[in-house]
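To start, the structure itself, in structure tokens.
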Amino acid sequence: MAVLPIRKYGDDVLRKPAEPVTEINESLQQLIEDMVDTMYAAPGVGLAANQVGVSLRLMLIDLSVGKRPEELHVFINPEIIEAEGEITEEEGCLSIPDFVEVVTRPERVKLRYQDRNGVEREMWGDGLMARAMCHEIDHLNGTLFVDHLRGFKKDRIIRKIAKLAKSGMWG
Ligand code: NI
């Protein structure tokens, strides 16, 4: 078991589009295990590989946060191939701890991805699952939820983070 440090807002690795996974090997399986431990320890419902400093298109979602093993999903090279509807709800991020804000996302999305055995799959997500899928794919593209905010809401969070960073309480 290894809980890895989670990179925070301001870290360059969060802003770099992640590279496709080309080989599903032992070291990738180890990374997946460490990411699972890290996500559950946080605790969080989703984690992208670049949040632990590895710039690869790999992300996890478990809405049960470890309570039900069948709810752990490992998505390798995921892409959204369909999206429907729109819903605005509160959202947070392990890389921007203690901040939440409302973000508009599709209500349903369909992902195409490889599972941890390299099998190509498709999966529909609804509601919170769709939101988590979009949020984690954003991470793989170097985007954070605050990038979806505008004006006052965005300024407020950025200003507070800058203040925390200045006093050494960030990163
Ligand atoms: Ni996040």
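Labels for the structure tokens follow display order: chains A, B, ..., residues from 1 in each chain, ligands from 1.
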Taking a cut-off of 10 Å and counting only C-alpha atoms, can you build a table that, for each residue of region 33-76 of chain A near region 9-21 of chain A, reports the nearest atom pair and how far apart they are in Å (one decimal), sorted by chain then residue number, as CSV?
residue,atom,partner,partner_atom,distance
A:Ala48,CA,A:Leu14,CA,9.5
A:Ala49,CA,A:Ala18,CA,8.5
A:Asn50,CA,A:Leu14,CA,6.0
A:Gln51,CA,A:Leu14,CA,6.4
A:Val52,CA,A:Val13,CA,8.9
A:Gly53,CA,A:Val13,CA,6.1
A:Val54,CA,A:Val13,CA,7.8
A:Ser55,CA,A:Ala18,CA,4.5
A:Leu56,CA,A:Glu19,CA,4.7
A:Arg57,CA,A:Pro20,CA,5.1
A:Leu58,CA,A:Val21,CA,7.3
A:Ile76,CA,A:Val21,CA,6.9
Output of the above residues as a tab-separated table (two decimals), in the first residue's frame, restricted to N, CA, C and O atoms:
chain	number	residue	atom	x	y	z
A	48	ALA	N	-7.06	11.44	-11.09
A	48	ALA	CA	-6.37	11.32	-12.38
A	48	ALA	C	-4.88	11.15	-12.11
A	48	ALA	O	-4.35	11.67	-11.12
A	49	ALA	N	-4.18	10.43	-13.01
A	49	ALA	CA	-2.77	10.11	-12.77
A	49	ALA	C	-1.91	11.36	-12.62
A	49	ALA	O	-0.97	11.36	-11.82
A	50	ASN	N	-2.23	12.42	-13.37
A	50	ASN	CA	-1.38	13.61	-13.23
A	50	ASN	C	-1.54	14.28	-11.86
A	50	ASN	O	-0.68	15.04	-11.43
A	51	GLN	N	-2.60	13.93	-11.13
A	51	GLN	CA	-2.73	14.46	-9.76
A	51	GLN	C	-1.71	13.84	-8.80
A	51	GLN	O	-1.50	14.36	-7.71
A	52	VAL	N	-1.13	12.70	-9.20
A	52	VAL	CA	-0.03	12.14	-8.40
A	52	VAL	C	1.29	12.30	-9.17
A	52	VAL	O	2.26	11.60	-8.90
A	53	GLY	N	1.31	13.21	-10.14
A	53	GLY	CA	2.56	13.57	-10.81
A	53	GLY	C	2.93	12.71	-12.00
A	53	GLY	O	4.04	12.84	-12.53
A	54	VAL	N	2.02	11.82	-12.44
A	54	VAL	CA	2.31	10.95	-13.58
A	54	VAL	C	1.45	11.38	-14.76
A	54	VAL	O	0.22	11.27	-14.73
A	55	SER	N	2.10	11.88	-15.82
A	55	SER	CA	1.38	12.47	-16.93
A	55	SER	C	0.94	11.41	-17.94
A	55	SER	O	1.43	11.33	-19.06
A	56	LEU	N	-0.01	10.57	-17.50
A	56	LEU	CA	-0.55	9.50	-18.34
A	56	LEU	C	-2.07	9.56	-18.33
A	56	LEU	O	-2.67	9.96	-17.31
A	57	ARG	N	-2.69	9.12	-19.44
A	57	ARG	CA	-4.15	9.17	-19.54
A	57	ARG	C	-4.77	7.97	-18.82
A	57	ARG	O	-5.19	7.00	-19.42
A	58	LEU	N	-4.81	8.10	-17.52
A	58	LEU	CA	-5.32	7.06	-16.62
A	58	LEU	C	-6.08	7.77	-15.51
A	58	LEU	O	-5.58	8.76	-14.95
A	76	ILE	N	-8.55	3.79	-18.76
A	76	ILE	CA	-7.29	4.05	-19.45
A	76	ILE	C	-7.61	4.63	-20.82
A	76	ILE	O	-8.48	4.12	-21.53
Looking only at alpha helix (DSSP H) from DSSP on the backbone, list the matching residues of region 49-149 of chain A as a PyMOL selection string.
chain A and resi 128-140
Which residues are near ligand 1 - at most 8 Å, using only C-alpha atoms and all ligand atoms? Format: as a count of residues only.
14
Ile87 (chain A) surroundings by only C-alpha atoms, 12 Å radius, close-in-sequence under 2 positions cut, as a PyMOL selection string
chain A and resi 83-85+89-91+102-109+126-128+130-131
Write the residues of the selection above to a file with N, CA and C atoms, as an mmCIF file, in the first residue's frame.
data_model
loop_
_atom_site.group_PDB
_atom_site.id
_atom_site.type_symbol
_atom_site.label_atom_id
_atom_site.label_comp_id
_atom_site.auth_asym_id
_atom_site.auth_seq_id
_atom_site.Cartn_x
_atom_site.Cartn_y
_atom_site.Cartn_z
ATOM 1 N N ALA A 83 -22.627 12.874 -25.233
ATOM 2 C CA ALA A 83 -23.011 13.639 -24.043
ATOM 3 C C ALA A 83 -24.435 14.124 -24.238
ATOM 4 N N GLU A 84 -25.205 14.109 -23.145
ATOM 5 C CA GLU A 84 -26.617 14.535 -23.207
ATOM 6 C C GLU A 84 -26.953 15.397 -22.005
ATOM 7 N N GLY A 85 -27.807 16.392 -22.240
ATOM 8 C CA GLY A 85 -28.366 17.178 -21.148
ATOM 9 C C GLY A 85 -27.351 18.099 -20.492
ATOM 10 N N GLU A 89 -24.270 21.609 -10.570
ATOM 11 C CA GLU A 89 -24.161 21.123 -9.192
ATOM 12 C C GLU A 89 -22.814 21.551 -8.611
ATOM 13 N N GLU A 90 -22.715 21.432 -7.297
ATOM 14 C CA GLU A 90 -21.450 21.722 -6.626
ATOM 15 C C GLU A 90 -20.416 20.659 -6.947
ATOM 16 N N GLU A 91 -19.172 21.112 -7.001
ATOM 17 C CA GLU A 91 -18.083 20.210 -7.349
ATOM 18 C C GLU A 91 -16.814 20.673 -6.655
ATOM 19 N N VAL A 102 -20.250 25.670 -7.945
ATOM 20 C CA VAL A 102 -21.145 25.014 -8.902
ATOM 21 C C VAL A 102 -20.569 25.087 -10.317
ATOM 22 N N VAL A 103 -20.657 23.967 -11.014
ATOM 23 C CA VAL A 103 -20.163 23.856 -12.381
ATOM 24 C C VAL A 103 -21.245 23.151 -13.212
ATOM 25 N N THR A 104 -21.463 23.649 -14.425
ATOM 26 C CA THR A 104 -22.432 23.020 -15.324
ATOM 27 C C THR A 104 -21.727 21.931 -16.130
ATOM 28 N N ARG A 105 -22.323 20.742 -16.117
ATOM 29 C CA ARG A 105 -21.750 19.573 -16.809
ATOM 30 C C ARG A 105 -22.867 18.855 -17.554
ATOM 31 N N PRO A 106 -22.529 17.985 -18.507
ATOM 32 C CA PRO A 106 -23.565 17.146 -19.126
ATOM 33 C C PRO A 106 -24.202 16.225 -18.076
ATOM 34 N N GLU A 107 -25.471 15.886 -18.283
ATOM 35 C CA GLU A 107 -26.188 15.018 -17.349
ATOM 36 C C GLU A 107 -25.808 13.542 -17.546
ATOM 37 N N ARG A 108 -25.514 13.204 -18.791
ATOM 38 C CA ARG A 108 -25.099 11.834 -19.109
ATOM 39 C C ARG A 108 -23.970 11.904 -20.112
ATOM 40 N N VAL A 109 -22.956 11.050 -19.909
ATOM 41 C CA VAL A 109 -21.897 10.943 -20.919
ATOM 42 C C VAL A 109 -21.570 9.470 -21.153
ATOM 43 N N ASP A 126 -24.297 8.538 -15.462
ATOM 44 C CA ASP A 126 -25.383 9.491 -15.205
ATOM 45 C C ASP A 126 -25.069 10.296 -13.957
ATOM 46 N N GLY A 127 -25.588 11.520 -13.909
ATOM 47 C CA GLY A 127 -25.527 12.308 -12.678
ATOM 48 C C GLY A 127 -24.109 12.470 -12.157
ATOM 49 N N LEU A 128 -23.891 12.037 -10.902
ATOM 50 C CA LEU A 128 -22.575 12.205 -10.279
ATOM 51 C C LEU A 128 -21.486 11.453 -11.043
ATOM 52 N N ALA A 130 -21.396 10.932 -14.304
ATOM 53 C CA ALA A 130 -21.092 11.741 -15.489
ATOM 54 C C ALA A 130 -20.212 12.937 -15.103
ATOM 55 N N ARG A 131 -20.550 13.551 -13.971
ATOM 56 C CA ARG A 131 -19.786 14.701 -13.490
ATOM 57 C C ARG A 131 -18.339 14.291 -13.198
#
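We find CA of Gly118 (chain A) and CA of Ile24 (chain A) to be spaced 6.6 Å apart.
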Separation of CA of Val100 (chain A) and CA of Val74 (chain A), in Å?
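CA of Val74 (chain A) lies at a distance of 24.7 Å from CA of Val100 (chain A).
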When distances are computed from only C-alpha atoms, which of A:Lys166, A:His73, A:Arg68, A:Lys160 shows the smallest separation from Gln114 (chain A)?
A:His73
Suppose you want the space between CA of Phe75 (chain A) and CA of Arg116 (chain A); what is it in Å?
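One can read the CA of Phe75 (chain A) to CA of Arg116 (chain A) distance as 7.3 Å.
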What are the DSSP strand (DSSP E or B) residues of region 18-126 of chain A, as a PyMOL selection string?
chain A and resi 19+46-48+56+58-61+73-84+87-91+101-105+108-114+120-126
